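Structure file protein.cif; described as mmCIF, C-alpha atoms.
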data_query
loop_
_atom_site.label_atom_id
_atom_site.label_comp_id
_atom_site.auth_asym_id
_atom_site.auth_seq_id
_atom_site.Cartn_x
_atom_site.Cartn_y
_atom_site.Cartn_z
CA MET A 97 -2.45 164.82 150.43
CA THR A 98 -1.34 163.17 153.64
CA SER A 99 -0.02 159.74 154.47
CA HIS A 100 -1.62 157.42 157.01
CA ARG A 101 0.58 159.04 159.70
CA GLY A 102 -0.61 162.56 158.90
CA ALA A 103 2.64 163.69 157.27
CA PRO A 104 2.47 165.29 153.84
CA ARG A 105 2.80 162.71 151.12
CA ARG A 106 5.51 163.12 148.54
CA SER A 107 4.37 163.38 144.98
CA SER A 108 5.14 160.45 142.75
CA GLY A 109 7.21 162.69 140.48
CA VAL A 110 4.65 162.61 137.69
CA THR A 111 4.47 166.04 136.22
CA ASP A 112 2.04 167.59 133.82
CA VAL A 113 4.89 168.46 131.49
CA PRO A 114 3.97 167.05 128.08
CA LEU A 115 6.54 164.82 126.43
CA PRO A 116 7.91 166.13 123.14
CA PRO A 117 8.15 163.69 120.25
CA PHE A 118 11.09 161.36 120.85
CA SER A 119 12.71 162.44 117.58
CA ALA A 120 12.70 166.07 118.76
CA LEU A 121 14.36 165.02 122.02
CA LEU A 122 17.09 163.19 120.11
CA GLU A 123 17.57 166.06 117.71
CA ALA A 124 18.04 168.46 120.62
CA HIS A 125 20.42 166.31 122.68
CA GLY A 126 21.79 163.59 120.38
CA GLY A 127 24.96 165.46 119.45
CA ALA A 128 25.95 166.11 123.06
CA LEU A 129 25.08 162.54 123.97
CA LEU A 130 27.32 161.16 121.23
CA ARG A 131 30.19 163.48 122.22
CA TYR A 132 29.90 162.23 125.80
CA LEU A 133 29.92 158.61 124.67
CA ARG A 134 32.96 159.14 122.43
CA ALA A 135 34.86 160.61 125.35
CA ALA A 136 33.67 157.93 127.78
CA VAL A 137 34.20 154.75 125.73
CA GLY A 138 36.26 155.91 122.75
CA PRO A 139 35.32 156.30 119.12
CA ASP A 140 35.19 152.56 118.44
CA GLN A 141 32.37 151.79 120.89
CA ALA A 142 30.55 155.14 120.93
CA ASP A 143 28.11 154.30 118.13
CA ASP A 144 27.08 151.02 119.76
CA CYS A 145 26.58 152.72 123.13
CA PHE A 146 24.61 155.50 121.46
CA GLN A 147 22.33 152.96 119.81
CA ASP A 148 21.85 151.07 123.08
CA THR A 149 21.07 154.34 124.87
CA VAL A 150 18.51 155.43 122.29
CA LEU A 151 16.78 152.04 122.30
CA ALA A 152 16.60 151.94 126.10
CA ALA A 153 15.26 155.49 126.21
CA LEU A 154 12.70 154.81 123.51
CA ARG A 155 11.42 151.73 125.32
CA ALA A 156 10.91 153.69 128.55
CA TYR A 157 9.77 157.00 127.04
CA ASP A 158 6.00 156.50 127.25
CA ARG A 159 6.19 155.36 130.90
CA LEU A 160 8.49 158.20 131.99
CA GLU A 161 7.29 159.79 135.23
CA HIS A 162 9.98 162.44 135.88
CA ARG A 163 9.66 164.66 132.83
CA ALA A 164 11.23 167.87 134.07
CA ASN A 165 14.82 167.05 132.99
CA LEU A 166 14.74 164.89 129.87
CA ARG A 167 18.34 165.74 128.96
CA GLY A 168 19.58 164.54 132.34
CA TRP A 169 17.47 161.39 132.01
CA LEU A 170 19.13 160.61 128.65
CA PHE A 171 22.59 161.09 130.14
CA VAL A 172 21.82 158.81 133.08
CA ILE A 173 20.88 156.08 130.61
CA ALA A 174 24.03 156.78 128.58
CA ARG A 175 26.21 156.55 131.68
CA ARG A 176 24.73 153.17 132.50
CA LYS A 177 25.46 152.00 128.95
CA VAL A 178 29.06 153.21 129.37
CA LEU A 179 29.37 151.15 132.54
CA ASP A 180 27.92 148.14 130.69
CA ALA A 181 30.46 148.63 127.88
CA HIS A 182 33.37 148.78 130.33
CA ARG A 183 32.16 145.63 132.08
CA ALA A 184 31.71 143.83 128.75
CA ARG A 185 35.20 144.84 127.64
CA GLY A 186 36.61 143.09 130.70
CA ARG A 187 34.75 139.88 129.87
CA GLN A 188 35.77 139.58 126.21
CA PRO A 189 37.90 136.54 125.41
CA ALA A 190 41.37 137.06 124.01
CA SER A 191 41.61 136.45 120.29
CA THR A 192 43.59 133.35 119.35
CA ALA A 193 42.91 133.43 115.63
CA ASP A 194 45.80 132.81 113.25
CA PRO A 195 46.97 135.84 111.31
CA PRO A 196 45.71 136.06 107.73
CA ASP A 197 47.88 134.60 104.94
CA THR A 198 47.61 137.73 102.83
CA PRO A 199 48.94 141.02 104.13
CA VAL A 200 46.35 143.45 105.37
CA SER A 201 46.80 147.12 104.65
CA PRO A 202 47.20 149.18 107.81
CA PRO A 203 44.34 151.44 108.78
CA GLU A 204 44.56 155.15 108.15
CA PRO A 205 46.85 156.76 110.72
CA GLN A 206 44.94 158.46 113.53
CA ASP A 207 46.10 160.53 116.40
CA ASP A 208 44.61 158.65 119.32
CA THR A 209 46.57 160.54 121.96
CA VAL A 210 43.40 162.02 123.45
CA TRP A 211 41.70 158.63 123.72
CA LYS A 212 44.75 157.07 125.37
CA ALA A 213 44.98 159.94 127.85
CA LEU A 214 41.28 159.64 128.71
CA ALA A 215 41.60 155.87 129.10
CA ARG A 216 44.28 156.38 131.79
CA LEU A 217 41.92 158.47 133.95
CA ALA A 218 39.93 156.97 136.79
CA PRO A 219 36.38 156.15 135.61
CA GLY A 220 34.80 158.88 137.76
CA GLN A 221 37.17 161.50 136.39
CA ARG A 222 36.70 160.31 132.81
CA ASP A 223 32.90 160.37 133.11
CA ALA A 224 32.88 163.79 134.76
CA LEU A 225 35.17 165.27 132.09
CA ALA A 226 33.21 163.68 129.28
CA LEU A 227 29.94 165.07 130.64
CA ARG A 228 31.32 168.53 131.42
CA VAL A 229 33.58 169.10 128.41
CA GLY A 230 32.33 166.62 125.82
CA ALA A 231 28.60 166.96 126.43
CA ASP A 232 28.75 170.56 127.73
CA LEU A 233 26.63 169.82 130.80
CA ASP A 234 26.79 172.22 133.72
CA TYR A 235 28.09 170.94 137.06
CA ALA A 236 24.59 170.45 138.48
CA GLU A 237 23.69 168.19 135.55
CA VAL A 238 27.01 166.33 135.80
CA ALA A 239 26.28 165.72 139.49
CA ARG A 240 22.79 164.44 138.69
CA VAL A 241 24.08 162.01 136.05
CA LEU A 242 26.93 160.77 138.25
CA GLU A 243 24.63 160.62 141.27
CA CYS A 244 26.95 162.70 143.43
CA SER A 245 27.07 166.20 144.88
CA GLU A 246 27.89 169.20 142.71
CA ALA A 247 31.09 169.70 144.73
CA ALA A 248 32.13 166.11 144.01
CA ALA A 249 31.42 166.61 140.30
CA ARG A 250 33.59 169.74 140.28
CA GLN A 251 36.37 167.86 142.08
CA ARG A 252 36.27 164.97 139.61
CA VAL A 253 36.53 167.35 136.65
CA LYS A 254 39.40 169.25 138.30
CA ALA A 255 41.24 166.05 139.21
CA GLY A 256 40.82 164.73 135.67
CA LEU A 257 42.12 167.94 134.12
CA ASP A 258 45.04 167.97 136.55
CA ARG A 259 45.90 164.40 135.61
CA LEU A 260 45.73 165.19 131.89
CA ARG A 261 48.02 168.20 132.39
CA GLN A 262 50.42 166.09 134.47
CA ASP A 263 50.53 163.36 131.80
CA ARG A 264 51.21 165.97 129.13
CA LEU A 265 54.10 167.39 131.15
CA LEU A 266 55.51 163.89 131.60
CA GLU A 267 55.23 163.24 127.86
CA ALA A 268 57.02 166.53 127.09
CA GLN A 269 59.92 165.56 129.38
CA ARG A 270 60.54 162.28 127.56
#
Before we go any further, please render this structure as C-alpha cells.
Amino acid sequence: MTSHRGAPRRSSGVTDVPLPPFSALLEAHGGALLRYLRAAVGPDQADDCFQDTVLAALRAYDRLEHRANLRGWLFVIARRKVLDAHRARGRQPASTADPPDTPVSPPEPQDDTVWKALARLAPGQRDALALRVGADLDYAEVARVLECSEAAARQRVKAGLDRLRQDRLLEAQR
C-alpha cells in the first residue's frame, strides 16, 4: 500500500490476532492490575479504580485495534484511572460534619507505613515502582504504560527505590 505521495502507508494497527474472551484476559492479568492499583492509589481506592478500569476496558474491547499487547493496554487504562483518582482526591470538599454523639470503635490497627512511604514519592516514581514491583511488568512494559523511554522508566524506578531507602534511613535515625 502507498499513500498519495508514493510513500509506504502505515498500517492502521489492526492485527489479525483474535481477541480472547474478556473474562480470560481479566483472569490472566487482574491480579497484577489490582496490585498496581493498590500501590498507586492505596488500598482504600484500589477497588474503585479496578472497577473503573475493567468497565472502561470492557466498553472498548470489541473496538480494540491494537491487539498485540493486551496486558499493556489494560495497564494504560489503569494508569489513566489512577490519574483520575488523584485529580478527584484534590477536588473533594473538606468534611464539616459534626462528630457522632456515640463513640465509634476504632478500626483494626493496620501498618500503613508502606502506603505512607509510597504517597511521599513523586507520581512518576510511584507509578513506575507500582508497575515494576507491584504489577511485575518488565521495564519495556513500564515504559509503554508511562509513555516514556525504557531508560526513563528504569530511572524512575531507581529514583523511587532510592527515595524509599533514604526515608527508611531517616526514620531509623529518629
Find the distance between atom CA of Asn165 of chain A and atom CA of Thr149 of chain A and write it in Å to one decimal.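 Answer for the atom CA of Asn165 of chain A to atom CA of Thr149 of chain A separation: 16.3 Å.
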Would you mind reading off the distance between atom CA of Ala152 of chain A and atom CA of Asp234 of chain A, one decimal, in Å? 23.9 Å
Starting from the PyMOL selection byres ((chain A and resi 116-133) around 9), expand the selection into actual residues of this file and give them as an MDAnalysis selection string. chainID A and resid 114:115 134:139 141:143 145:146 150 153:154 157 166:167 170:171 174:175 178 223 225:233
On this structure, the PyMOL selection byres ((chain A and resi 242) around 12) would catch which residues? List them as JSON, numbers by chain, sorted by chain and number. {"A": [168, 169, 171, 172, 173, 174, 175, 176, 178, 179, 219, 220, 221, 222, 223, 224, 225, 226, 227, 228, 233, 235, 236, 237, 238, 239, 240, 241, 243, 244, 245, 246, 247, 248, 249, 250, 252, 253]}
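You will find atom CA of Asp258 of chain A at 15.6 Å from atom CA of Lys212 of chain A.
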